[in-house]
>>> print(open('coords_35.txt').read())   # compact mmCIF, C-alpha atoms
# COMPACT_ATOMS: atom_id res chain seq x y z
CA MET X 1 81.61 96.08 81.12
CA ASP X 2 83.49 96.55 84.37
CA LEU X 3 85.71 99.46 85.43
CA PHE X 4 88.95 97.92 84.12
CA GLU X 5 87.48 97.07 80.75
CA LYS X 6 85.91 100.51 80.43
CA TYR X 7 89.19 102.30 81.10
CA SER X 8 91.27 100.00 78.90
CA HIS X 9 89.28 101.37 75.95
CA GLU X 10 90.11 104.98 76.90
CA LYS X 11 93.73 104.83 75.84
CA PHE X 12 93.42 107.71 73.39
CA LYS X 13 91.20 109.85 75.63
CA ASN X 14 92.92 109.54 79.00
CA PRO X 15 96.63 110.35 79.44
CA TRP X 16 96.87 108.20 82.58
CA ILE X 17 95.57 105.18 80.67
CA ALA X 18 97.89 105.89 77.72
CA ARG X 19 100.80 105.95 80.16
CA ALA X 20 99.64 102.75 81.89
CA LEU X 21 99.56 100.94 78.56
CA THR X 22 103.02 102.06 77.40
CA ASP X 23 105.75 99.58 78.27
CA LYS X 24 109.31 100.88 78.68
CA SER X 25 110.39 98.81 75.65
CA TYR X 26 108.21 101.05 73.48
CA LYS X 27 110.98 103.67 73.56
CA ASN X 28 113.17 101.37 71.41
CA LEU X 29 110.42 100.75 68.88
CA TYR X 30 109.54 104.44 68.69
CA GLN X 31 113.18 105.40 68.12
CA ARG X 32 113.55 102.84 65.30
CA ILE X 33 110.37 104.03 63.57
CA HIS X 34 110.68 107.80 64.07
CA HIS X 35 114.47 108.12 64.34
CA GLU X 36 114.11 110.32 67.39
CA GLU X 37 113.97 109.94 71.17
CA TYR X 38 110.60 108.99 72.70
CA GLN X 39 109.36 111.94 74.76
CA GLY X 40 106.34 110.25 76.34
CA THR X 41 106.02 108.56 79.68
CA VAL X 42 106.01 104.84 80.37
CA ASN X 43 104.19 102.72 82.92
CA THR X 44 106.85 101.65 85.43
CA ASP X 45 106.30 104.36 88.07
CA LEU X 46 102.54 104.22 87.61
CA ALA X 47 102.74 100.44 88.16
CA THR X 48 104.41 101.00 91.52
CA TYR X 49 101.59 103.39 92.42
CA GLY X 50 98.98 100.88 91.21
CA ASP X 51 100.60 98.07 93.16
CA ALA X 52 100.12 100.08 96.35
CA VAL X 53 96.46 100.70 95.47
CA ILE X 54 95.97 96.99 94.78
CA LYS X 55 97.55 96.05 98.12
CA LEU X 56 95.35 98.53 100.03
CA CYS X 57 92.16 97.39 98.31
CA TYR X 58 92.89 93.71 98.88
CA LEU X 59 93.63 94.45 102.53
CA GLU X 60 90.28 96.21 102.75
CA LEU X 61 88.58 93.15 101.26
CA LEU X 62 90.41 90.53 103.32
CA LEU X 63 91.15 92.10 106.70
CA ASP X 64 89.41 90.13 109.46
CA LYS X 65 87.89 87.80 106.86
CA THR X 66 90.69 85.27 106.62
CA MET X 67 93.08 83.62 109.01
CA LEU X 68 95.81 83.69 106.35
CA LEU X 69 95.70 87.35 105.31
CA THR X 70 99.23 87.59 103.93
CA ILE X 71 98.98 84.32 102.02
CA ASP X 72 95.50 84.96 100.60
CA LYS X 73 96.41 88.51 99.57
CA SER X 74 99.68 87.45 97.97
CA LYS X 75 97.86 84.93 95.75
CA VAL X 76 95.58 87.49 94.10
CA GLU X 77 98.19 90.24 93.80
CA SER X 78 101.02 88.09 92.44
CA ASP X 79 102.44 88.67 88.96
CA GLU X 80 101.36 85.15 88.05
CA TYR X 81 97.72 85.89 88.94
CA LEU X 82 97.80 89.31 87.27
CA VAL X 83 99.09 87.74 84.04
CA ASP X 84 97.48 84.28 83.91
CA VAL X 85 94.07 85.37 85.19
CA VAL X 86 93.45 89.13 85.09
CA ALA X 87 95.30 90.21 81.93
CA LYS X 88 94.10 87.12 80.10
CA HIS X 89 90.49 87.86 81.09
CA TYR X 90 90.71 91.33 79.49
CA ASP X 91 93.08 90.29 76.67
CA LEU X 92 95.21 93.20 77.83
CA VAL X 93 98.20 92.55 75.56
CA LYS X 94 96.27 93.91 72.58
CA PHE X 95 96.15 97.34 74.30
CA ILE X 96 99.81 97.59 75.40
CA ASP X 97 102.37 99.56 73.38
CA PHE X 98 105.67 97.66 73.49
CA ASP X 99 108.57 96.78 71.24
CA THR X 100 107.08 94.02 69.11
CA ASN X 101 110.54 93.07 67.82
CA ASP X 102 111.84 92.22 71.29
CA VAL X 103 112.38 88.45 71.23
CA ASN X 104 111.99 88.29 75.01
CA LYS X 105 108.36 89.43 74.94
CA PRO X 106 105.80 86.71 75.58
CA ILE X 107 103.21 85.83 72.98
CA ASP X 108 100.53 84.62 75.39
CA TYR X 109 99.45 84.79 79.04
CA ASN X 110 101.28 81.72 80.36
CA HIS X 111 103.37 83.30 83.13
CA LYS X 112 105.21 80.07 83.98
CA ARG X 113 106.33 79.50 80.38
CA TYR X 114 108.49 82.63 80.45
CA GLN X 115 110.27 82.04 83.74
CA ASN X 116 114.01 81.62 83.34
CA SER X 117 117.25 82.66 85.00
CA ASN X 118 116.82 86.22 83.68
CA GLY X 119 113.47 86.72 85.40
CA ASN X 120 110.09 86.55 83.72
CA ALA X 121 109.39 88.10 80.34
CA SER X 122 105.66 88.32 81.07
CA LYS X 123 106.41 90.84 83.82
CA TYR X 124 105.56 93.62 81.39
CA ILE X 125 101.97 92.34 81.33
CA ALA X 126 101.72 92.36 85.15
CA THR X 127 103.27 95.84 85.14
CA ALA X 128 100.54 97.03 82.76
CA VAL X 129 97.80 95.62 85.02
CA GLU X 130 99.26 97.39 88.05
CA ALA X 131 99.71 100.60 86.05
CA MET X 132 96.10 100.41 84.85
CA ILE X 133 94.89 100.26 88.46
CA GLY X 134 97.11 103.25 89.25
CA ALA X 135 95.71 105.11 86.23
CA ILE X 136 92.12 104.28 87.13
CA TYR X 137 92.70 105.57 90.66
CA LYS X 138 94.39 108.74 89.36
CA SER X 139 91.37 109.26 87.08
CA THR X 140 88.61 108.51 89.59
CA ARG X 141 90.13 109.01 93.05
CA ASP X 142 87.65 106.34 94.14
CA LEU X 143 89.08 103.43 96.10
CA SER X 144 85.63 101.94 96.68
CA GLU X 145 85.11 101.33 92.95
CA ILE X 146 88.55 99.76 92.64
CA THR X 147 87.90 97.60 95.70
CA LYS X 148 84.66 96.37 94.07
CA LEU X 149 86.59 95.60 90.88
CA LEU X 150 89.28 93.65 92.75
CA SER X 151 86.56 91.75 94.58
CA THR X 152 85.35 90.46 91.21
CA TRP X 153 88.92 89.52 90.29
CA MET X 154 89.03 87.22 93.30
CA SER X 155 86.24 85.17 91.73
CA PHE X 156 87.86 84.79 88.29
>>> encode(input="coords_35.txt", output="structure tokens")
Amino acid sequence: MDLFEKYSHEKFKNPWIARALTDKSYKNLYQRIHHEEYQGTVNTDLATYGDAVIKLCYLELLLDKTMLLTIDKSKVESDEYLVDVVAKHYDLVKFIDFDTNDVNKPIDYNHKRYQNSNGNASKYIATAVEAMIGAIYKSTRDLSEITKLLSTWMSF
């Protein structure tokens, strides 16, 4: 069990992980079920934080090791890679709280299938991956462990 898998199972024990696994659409579902405003936090800001951590860790892994740093880094940090490879590997969708009635939500990990003129509906999965990395860093404050994790992702 790697670091990502370990933390994905801590949703009910770790508030950072709970936040990382709560999509913004969950507010709508919560309001329909409970007939009141959702007071919790969602993963969008934490995803921005996690994206920065991912970028730094990949730079640490790739700096001076490739002639195409920007291109190589962009491949493994792209939404497509985060959805089609990383999230699929961990079956992350089963952990995410989101509005299940939203017809725009994807039902699998095929990033390309959901591309259309309105963007990409599988973005919420990539957002959850980024937010999970942000949550893991907030929980551990250990970039070396995250860098090791991302190194394994490069071999998926």
>>> residues_around(input="coords_35.txt", residues="X:Trp153", least_positions_apart="6", cutoff="9 Å", atoms="all atoms listed in the file", output="ChimeraX atom specification")
/X:76,85-86
>>> closest_residue(input="coords_35.txt", among="X:Phe95, X:Tyr109, X:Phe156, X:Phe4", to="X:Arg19", atoms="only C-alpha atoms")
X:Phe95
>>> residues_around(input="coords_35.txt", residues="stretch 132-146 of chain X", least_positions_apart="5", cutoff="10 Å", atoms="all atoms listed in the file", output="VMD selection string")
chain X and resid 2 to 4 6 to 8 14 to 21 43 45 to 54 56 to 58 60 126 to 127 151 to 152
>>> atom_distance(input="coords_35.txt", atom1="atom CA of X:Gln31", atom2="atom CA of X:Ser122")
22.7 Å
>>> residues_around(input="coords_35.txt", residues="stretch 87-92 of chain X", least_positions_apart="5", cutoff="7 Å", atoms="only C-alpha atoms", output="JSON, numbers by chain")
{"X": [5, 82, 109, 129]}
>>> closest_residue(input="coords_35.txt", among="X:Leu150, X:Leu69, X:Ile96, X:Leu62", to="X:Thr22", atoms="all atoms listed in the file")
X:Ile96
>>> axis_aligned_box(input="coords_35.txt", around="stretch 54-70 of chain X", padding_each_side="5 Å", output="JSON")
{"center_x": 93.6, "center_y": 91.1, "center_z": 102.1, "size_x": 21.3, "size_y": 24.9, "size_z": 24.7}
>>> residues_around(input="coords_35.txt", residues="X:Ser25", least_positions_apart="2", cutoff="8 Å", atoms="only C-alpha atoms", output="list in words")
Asp23, Lys27, Asn28, Leu29, Phe98 and Asp99 of chain X
>>> atom_distance(input="coords_35.txt", atom1="atom CA of X:Asp72", atom2="atom CA of X:Thr147")
15.5 Å
>>> atom_distance(input="coords_35.txt", atom1="atom CA of X:Lys75", atom2="atom CA of X:Asp97")
27.1 Å
>>> closest_residue(input="coords_35.txt", among="X:Lys105, X:His35, X:Lys24, X:His111", to="X:Ser78", atoms="only C-alpha atoms")
X:His111
>>> closest_residue(input="coords_35.txt", among="X:Thr44, X:Met1, X:Tyr30, X:Glu77", to="X:Leu59", atoms="all atoms listed in the file")
X:Glu77
